[in-house]
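Visitor: What follows is model.txt, made up of compact mmCIF, C-alpha atoms:
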```txt
# COMPACT_ATOMS: atom_id res chain seq x y z
CA MET E 173 76.15 79.05 115.48
CA GLY E 174 78.85 76.46 115.26
CA SER E 175 80.59 78.23 112.42
CA ARG E 176 83.51 80.57 112.75
CA LYS E 177 82.56 83.69 114.67
CA GLY E 178 84.35 86.26 112.56
CA PRO E 179 87.29 87.05 110.31
CA SER E 180 90.66 85.54 111.05
CA ALA E 181 93.53 87.58 112.47
CA HIS E 182 95.27 87.21 109.14
CA ALA E 183 92.25 88.54 107.25
CA ILE E 184 92.11 91.56 109.52
CA LEU E 185 95.76 92.34 109.94
CA GLY E 186 97.36 91.02 106.79
CA SER E 187 100.55 89.04 106.87
CA GLY E 188 101.24 89.76 110.52
CA LYS E 189 104.42 91.65 109.76
CA GLY E 190 105.55 93.68 112.74
CA ALA E 191 103.59 91.80 115.38
CA THR E 192 102.67 93.87 118.41
CA ARG E 193 101.13 93.33 121.80
CA THR E 194 97.82 94.56 120.32
CA GLN E 195 97.94 91.79 117.76
CA THR E 196 98.68 89.18 120.40
CA GLN E 197 95.70 90.36 122.43
CA LEU E 198 93.56 90.34 119.32
CA GLN E 199 94.60 86.83 118.43
CA ARG E 200 93.73 85.69 121.94
CA LYS E 201 90.30 87.29 121.63
CA LEU E 202 89.77 85.73 118.23
CA LYS E 203 90.14 82.30 119.78
CA ASP E 204 87.13 82.45 122.03
CA ALA E 205 85.34 85.80 121.80
CA SER E 206 81.86 86.52 120.52
CA THR E 207 81.30 88.08 117.10
CA LYS E 208 80.87 91.50 118.64
CA ALA E 209 84.05 91.26 120.64
CA VAL E 210 85.93 90.12 117.55
CA ALA E 211 84.64 93.07 115.55
CA GLU E 212 85.54 95.49 118.31
CA ALA E 213 88.96 93.94 118.73
CA ALA E 214 89.53 94.21 115.00
CA PHE E 215 88.52 97.83 115.05
CA LYS E 216 90.75 98.69 117.97
CA ALA E 217 93.68 96.82 116.50
CA VAL E 218 93.37 98.47 113.12
CA ALA E 219 92.80 101.88 114.61
CA THR E 220 95.81 101.70 116.90
CA ILE E 221 98.23 99.47 115.10
CA ASN E 222 101.43 100.52 113.41
CA PRO E 223 102.35 101.17 110.67
CA THR E 224 99.02 102.80 109.77
CA ILE E 225 99.27 105.58 112.33
CA GLU E 226 102.99 105.79 111.81
CA ALA E 227 102.54 106.18 108.05
CA LEU E 228 99.84 108.77 108.49
CA TYR E 229 101.90 110.73 110.98
CA LEU E 230 104.81 110.67 108.58
CA ALA E 231 102.49 111.85 105.77
CA TYR E 232 101.34 114.69 108.00
CA LYS E 233 104.92 115.75 108.80
CA VAL E 234 105.98 115.49 105.18
CA ALA E 235 102.92 117.40 104.02
CA LYS E 236 103.89 120.27 106.30
CA PHE E 237 107.45 120.12 105.08
CA THR E 238 106.70 119.88 101.36
CA TYR E 239 103.86 122.39 101.30
CA PRO E 240 106.16 125.44 100.88
CA ILE E 241 107.99 123.59 98.10
CA VAL E 242 104.79 122.83 96.23
CA LYS E 243 103.46 126.32 96.86
CA GLU E 244 106.51 127.91 95.20
CA GLY E 245 106.24 125.54 92.24
CA LEU E 246 102.56 126.30 91.77
CA LYS E 247 103.19 130.04 91.98
CA GLU E 248 105.78 129.74 89.24
CA TYR E 249 103.50 127.54 87.15
CA ASN E 250 100.60 129.96 87.51
CA ASN E 251 102.83 132.86 86.47
CA THR E 252 104.61 131.23 83.54
CA GLY E 253 102.53 128.19 82.57
CA ASP E 254 105.84 126.36 82.23
CA LYS E 255 106.01 122.98 83.97
CA ASP E 256 109.82 122.79 83.71
CA LYS E 257 110.21 126.18 85.38
CA ALA E 258 107.78 125.11 88.08
CA VAL E 259 109.83 121.99 88.78
CA ASP E 260 113.02 124.10 88.84
CA LYS E 261 111.40 126.44 91.34
CA MET E 262 110.40 123.49 93.50
CA LYS E 263 113.95 122.22 93.27
CA GLU E 264 115.25 125.61 94.49
CA GLU E 265 112.79 125.61 97.37
CA THR E 266 113.70 122.01 98.23
CA VAL E 267 117.35 123.00 98.44
CA LYS E 268 116.34 125.80 100.82
CA GLN E 269 114.26 123.48 102.96
CA ILE E 270 116.68 120.59 103.06
CA GLY E 271 119.84 122.63 102.94
CA ARG E 272 121.63 120.65 100.30
CA GLU E 273 121.53 120.42 96.54
CA ILE E 274 119.30 117.92 94.80
CA LYS E 275 121.03 116.86 91.61
CA ASP E 276 117.98 115.42 89.91
CA ALA E 277 114.96 117.67 89.45
CA ALA E 278 112.51 114.76 89.13
CA VAL E 279 109.60 115.10 91.51
CA ASP E 280 109.96 111.56 92.81
CA THR E 281 113.57 112.19 93.74
CA MET E 282 112.71 115.46 95.47
CA VAL E 283 109.94 113.82 97.42
CA SER E 284 112.14 110.95 98.41
CA ALA E 285 114.78 113.37 99.66
CA SER E 286 112.13 115.42 101.48
CA VAL E 287 110.71 112.38 103.23
CA ASP E 288 114.16 111.25 104.29
CA ALA E 289 114.99 114.76 105.52
CA VAL E 290 111.78 114.98 107.55
CA LYS E 291 112.40 111.58 109.09
CA SER E 292 115.89 112.58 110.06
CA ALA E 293 114.90 116.05 111.36
CA ALA E 294 111.95 114.71 113.37
CA ASN E 295 113.82 111.59 114.48
CA ILE E 296 111.14 109.28 113.06
CA SER E 297 111.98 105.73 112.18
CA THR E 298 109.68 103.95 109.74
CA ASP E 299 109.53 100.74 107.84
CA LYS E 300 109.66 100.48 104.06
CA ALA E 301 105.88 100.17 103.69
CA ALA E 302 105.26 103.46 105.49
CA ASP E 303 107.90 105.22 103.42
CA THR E 304 106.41 103.92 100.21
CA PHE E 305 102.90 105.02 101.22
CA VAL E 306 104.02 108.52 101.96
CA LYS E 307 106.39 109.01 99.06
CA THR E 308 103.77 107.79 96.59
CA ALA E 309 101.04 110.00 98.08
CA VAL E 310 103.21 113.12 98.00
CA SER E 311 104.54 112.43 94.48
CA GLU E 312 101.04 111.91 93.15
CA THR E 313 99.86 115.10 94.81
CA ILE E 314 102.66 117.17 93.31
CA ASN E 315 102.35 115.58 89.88
CA GLY E 316 98.59 116.09 89.95
CA MET E 317 98.99 119.74 90.83
CA ILE E 318 101.42 120.64 88.07
CA LYS E 319 99.73 118.67 85.29
CA MET N 1036 88.95 124.75 102.70
CA THR N 1037 92.31 126.44 102.23
CA ASP N 1038 94.90 125.29 99.70
CA LYS N 1039 97.01 124.07 102.56
CA GLU N 1040 94.21 121.91 103.98
CA GLU N 1041 93.51 120.57 100.50
CA TYR N 1042 97.15 119.63 100.18
CA PHE N 1043 97.16 117.83 103.51
CA ARG N 1044 94.05 115.96 102.50
CA ASN N 1045 95.65 114.81 99.24
CA VAL N 1046 98.83 113.68 100.89
CA MET N 1047 97.11 111.76 103.68
CA LYS N 1048 94.13 110.29 101.86
CA ASP N 1049 95.80 106.99 100.91
CA THR N 1050 96.65 106.12 104.48
CA ILE N 1051 93.19 107.05 105.81
CA LYS N 1052 91.64 105.03 103.01
CA ASN N 1053 93.85 102.11 103.90
CA THR N 1054 92.52 102.13 107.47
CA VAL N 1055 88.87 102.41 106.42
CA GLN N 1056 89.35 99.76 103.77
CA THR N 1057 90.86 97.35 106.26
CA LEU N 1058 87.84 97.84 108.52
CA LEU N 1059 85.16 97.59 105.87
CA ARG N 1060 86.67 94.56 104.19
CA THR N 1061 86.15 92.58 107.38
CA ARG N 1062 82.86 90.72 107.50
CA GLU N 1063 81.60 92.28 110.72
CA PHE N 1064 82.17 95.88 109.80
CA SER N 1065 80.90 95.53 106.26
CA LYS N 1066 77.70 94.03 107.70
CA ARG N 1067 77.29 96.85 110.17
CA PHE N 1068 78.17 99.81 108.02
CA LEU N 1069 77.33 98.86 104.45
CA THR N 1070 73.87 98.15 103.04
CA ARG N 1071 73.34 95.45 100.43
CA ASP N 1072 73.50 98.09 97.70
CA ASP N 1073 76.68 99.52 99.19
CA GLN N 1074 78.25 96.06 99.11
CA LYS N 1075 78.00 96.11 95.31
CA ASN N 1076 79.82 99.42 95.20
CA ILE N 1077 82.17 98.84 98.08
CA ASP N 1078 85.03 100.81 96.51
CA LYS N 1079 82.85 103.88 96.11
CA GLU N 1080 81.56 103.50 99.64
CA ILE N 1081 85.10 103.15 101.03
CA ASP N 1082 86.00 106.37 99.19
CA ARG N 1083 82.95 108.17 100.57
CA ILE N 1084 83.58 107.10 104.17
CA SER N 1085 87.33 107.83 103.92
CA ASP N 1086 86.52 111.26 102.60
CA GLU N 1087 84.13 111.97 105.46
CA ILE N 1088 86.65 110.82 108.08
CA MET N 1089 89.39 112.84 106.42
CA THR N 1090 87.23 115.98 106.49
CA ARG N 1091 86.58 115.55 110.20
CA PHE N 1092 90.21 114.78 110.92
CA ILE N 1093 91.56 117.76 108.95
CA SER N 1094 89.06 119.95 110.72
CA LYS N 1095 90.33 118.77 114.12
CA LEU N 1096 93.96 119.33 113.11
CA SER N 1097 93.06 122.79 111.89
CA GLU N 1098 91.07 123.71 115.04
CA ARG N 1099 94.10 122.86 117.16
CA GLY N 1100 96.45 124.86 114.94
CA TYR N 1101 98.36 121.78 113.83
CA LEU N 1102 98.32 122.80 110.20
CA GLU N 1103 100.43 125.81 111.09
CA ASN N 1104 104.19 125.48 110.91
CA ASP N 1105 105.00 126.32 114.52
CA LYS N 1106 102.62 123.87 116.19
CA GLU N 1107 103.15 120.14 116.20
CA PRO N 1108 101.31 117.24 117.84
CA SER N 1109 103.32 114.30 119.13
CA GLU N 1110 102.85 111.02 117.27
CA SER N 1111 100.84 109.70 120.19
CA GLU N 1112 98.58 112.78 120.25
CA PHE N 1113 98.17 112.57 116.48
CA GLY N 1114 97.23 108.90 116.77
CA LYS N 1115 94.69 109.58 119.51
CA LEU N 1116 93.12 112.36 117.48
CA LEU N 1117 92.80 110.12 114.44
CA LYS N 1118 91.46 107.24 116.48
CA SER N 1119 88.86 109.41 118.19
CA THR N 1120 87.76 110.65 114.75
CA ILE N 1121 87.35 107.08 113.52
CA ASP N 1122 85.62 106.13 116.80
CA GLU N 1123 83.13 108.93 116.31
CA TYR N 1124 82.32 107.76 112.81
CA PHE N 1125 81.97 104.07 113.56
CA GLY N 1126 80.26 104.67 116.89
CA GLU N 1127 82.80 102.78 118.94
CA THR N 1128 84.54 103.82 122.12
CA SER N 1129 88.08 102.64 122.31
CA GLU N 1130 89.32 101.61 125.75
CA SER N 1131 92.83 102.83 125.06
CA ASP N 1132 91.70 106.28 123.97
CA SER N 1133 92.34 107.97 127.25
CA LYS N 1134 93.78 111.42 127.67
```
Please lay out the structure from this file as structure tokens.

Guide:
Amino acid sequence: MGSRKGPSAHAILGSGKGATRTQTQLQRKLKDASTKAVAEAAFKAVATINPTIEALYLAYKVAKFTYPIVKEGLKEYNNTGDKDKAVDKMKEETVKQIGREIKDAAVDTMVSASVDAVKSAANISTDKAADTFVKTAVSETINGMIK
Amino acid sequence: MTDKEEYFRNVMKDTIKNTVQTLLRTREFSKRFLTRDDQKNIDKEIDRISDEIMTRFISKLSERGYLENDKEPSESEFGKLLKSTIDEYFGETSESDSK
């Protein structure tokens, strides 16, 4: 029983970027707590810590925002079987949703613009990691749907 | 499941998976929630658990009307809902999950 009681804070929380009060409390517990307490602390920290929730919340907001865009693209694709027309349709819908023209019709660019628009409209500030999570997830979803 | 729910699931799955993965990669949680056989197929098991949590979470969002355009949870409410879903799965009660 003299060995380490559980995983280190670094193993649980990664590099420690964006340290929070939760992390500080966790690190304190890691110093002297039992295995069970460490596991519970790890769970609570991971379940409450940013940017996981923040990224997920952003994904949720963006999903709501981009759904009508994707829906229009899919409708067009189902009607014509033409991927380019579907992307054009999504571009049109994106312009409607965002209220400004998107010069490049690439899905990644549209998604990026959508995410930025949602963040601005909902007054959400995020770090780069959260943005990347969400943009990648939405791009992959759209690309997967119009394949 | 409606198309809209399916879309939400696809968009959010990476972040849910990230949370579950972080938990199950720790020694204590992998011991408690994965059998020896599961340990060999940890990626599959992470996918299965993430999928189950996502289904429950989407269902809660849907029940509360949060998949509709005119209803919106706050970030804090959203976080609590997600955390309670994860709590239910892993059988933990979080002290900060108060209403």

Visitor: Per residue of chain N within 6 Å of chain E, which atom pair is closest and at what distance in Å (one decimal), using all atoms listed in the file, listed by chain and increasing number, as CSV?

Guide:
```
residue,atom,partner,partner_atom,distance
N:Phe1043,CA,E:Ala235,CA,5.8
N:Val1046,CA,E:Ala309,CA,5.1
N:Met1047,CA,E:Ala231,CA,5.8
N:Thr1050,CA,E:Leu228,CA,5.8
N:Glu1063,CA,E:Ala211,CA,5.8
N:Gly1114,CA,E:Ile225,CA,5.9
N:Lys1118,CA,E:Ala219,CA,5.8
```

Visitor: Have a look at N:Leu1096, N:Val1055, N:Ile1121, N:Leu1116 and name the one nearest to Arg1083 of chain N; count only C-alpha atoms.

Guide: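 Using only C-alpha atoms, the shortest distance to Arg1083 of chain N belongs to N:Val1055.
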
Visitor: May I have the residues within 9 Å of Ile1093 of chain N as a PDB file with C-alpha atoms, keeping the file's coordinate frame, using all atoms listed in the file and disregarding those fewer than 3 positions away in the same chain?

Guide:
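Contents of out_9.pdb, freshly written:
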```pdb
ATOM      1  CA  GLU N1040      94.210 121.910 103.980  1.00  0.00           C
ATOM      2  CA  PHE N1043      97.160 117.830 103.510  1.00  0.00           C
ATOM      3  CA  ARG N1044      94.050 115.960 102.500  1.00  0.00           C
ATOM      4  CA  ILE N1088      86.650 110.820 108.080  1.00  0.00           C
ATOM      5  CA  MET N1089      89.390 112.840 106.420  1.00  0.00           C
ATOM      6  CA  THR N1090      87.230 115.980 106.490  1.00  0.00           C
ATOM      7  CA  LEU N1096      93.960 119.330 113.110  1.00  0.00           C
ATOM      8  CA  SER N1097      93.060 122.790 111.890  1.00  0.00           C
ATOM      9  CA  GLU N1098      91.070 123.710 115.040  1.00  0.00           C
ATOM     10  CA  LEU N1102      98.320 122.800 110.200  1.00  0.00           C
TER      11      LEU N1102
END
```

Visitor: Quick check, in Å to one decimal: how far apart do atom CA of Ser1094 of chain N and atom CA of Thr1120 of chain N lie?

Guide: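 Interatomic distance, atom CA of Ser1094 of chain N to atom CA of Thr1120 of chain N: 10.2 Å.
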
Visitor: Using only C-alpha atoms, which of the listed residues (N:Glu1112, N:Asn1053, N:Arg1099, N:Asn1104) sits closest to Ile1084 of chain N?

Guide: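 Answer, going by the shortest atom-to-atom distance: N:Asn1053.
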
Visitor: For Tyr249 of chain E, find every residue with an atom within 12 Å (counting all atoms listed in the file), except residues of its own chain fewer than 2 positions away, and show them as a PyMOL selection string.

Guide: chain E and resi 242-247+251-262+317-319
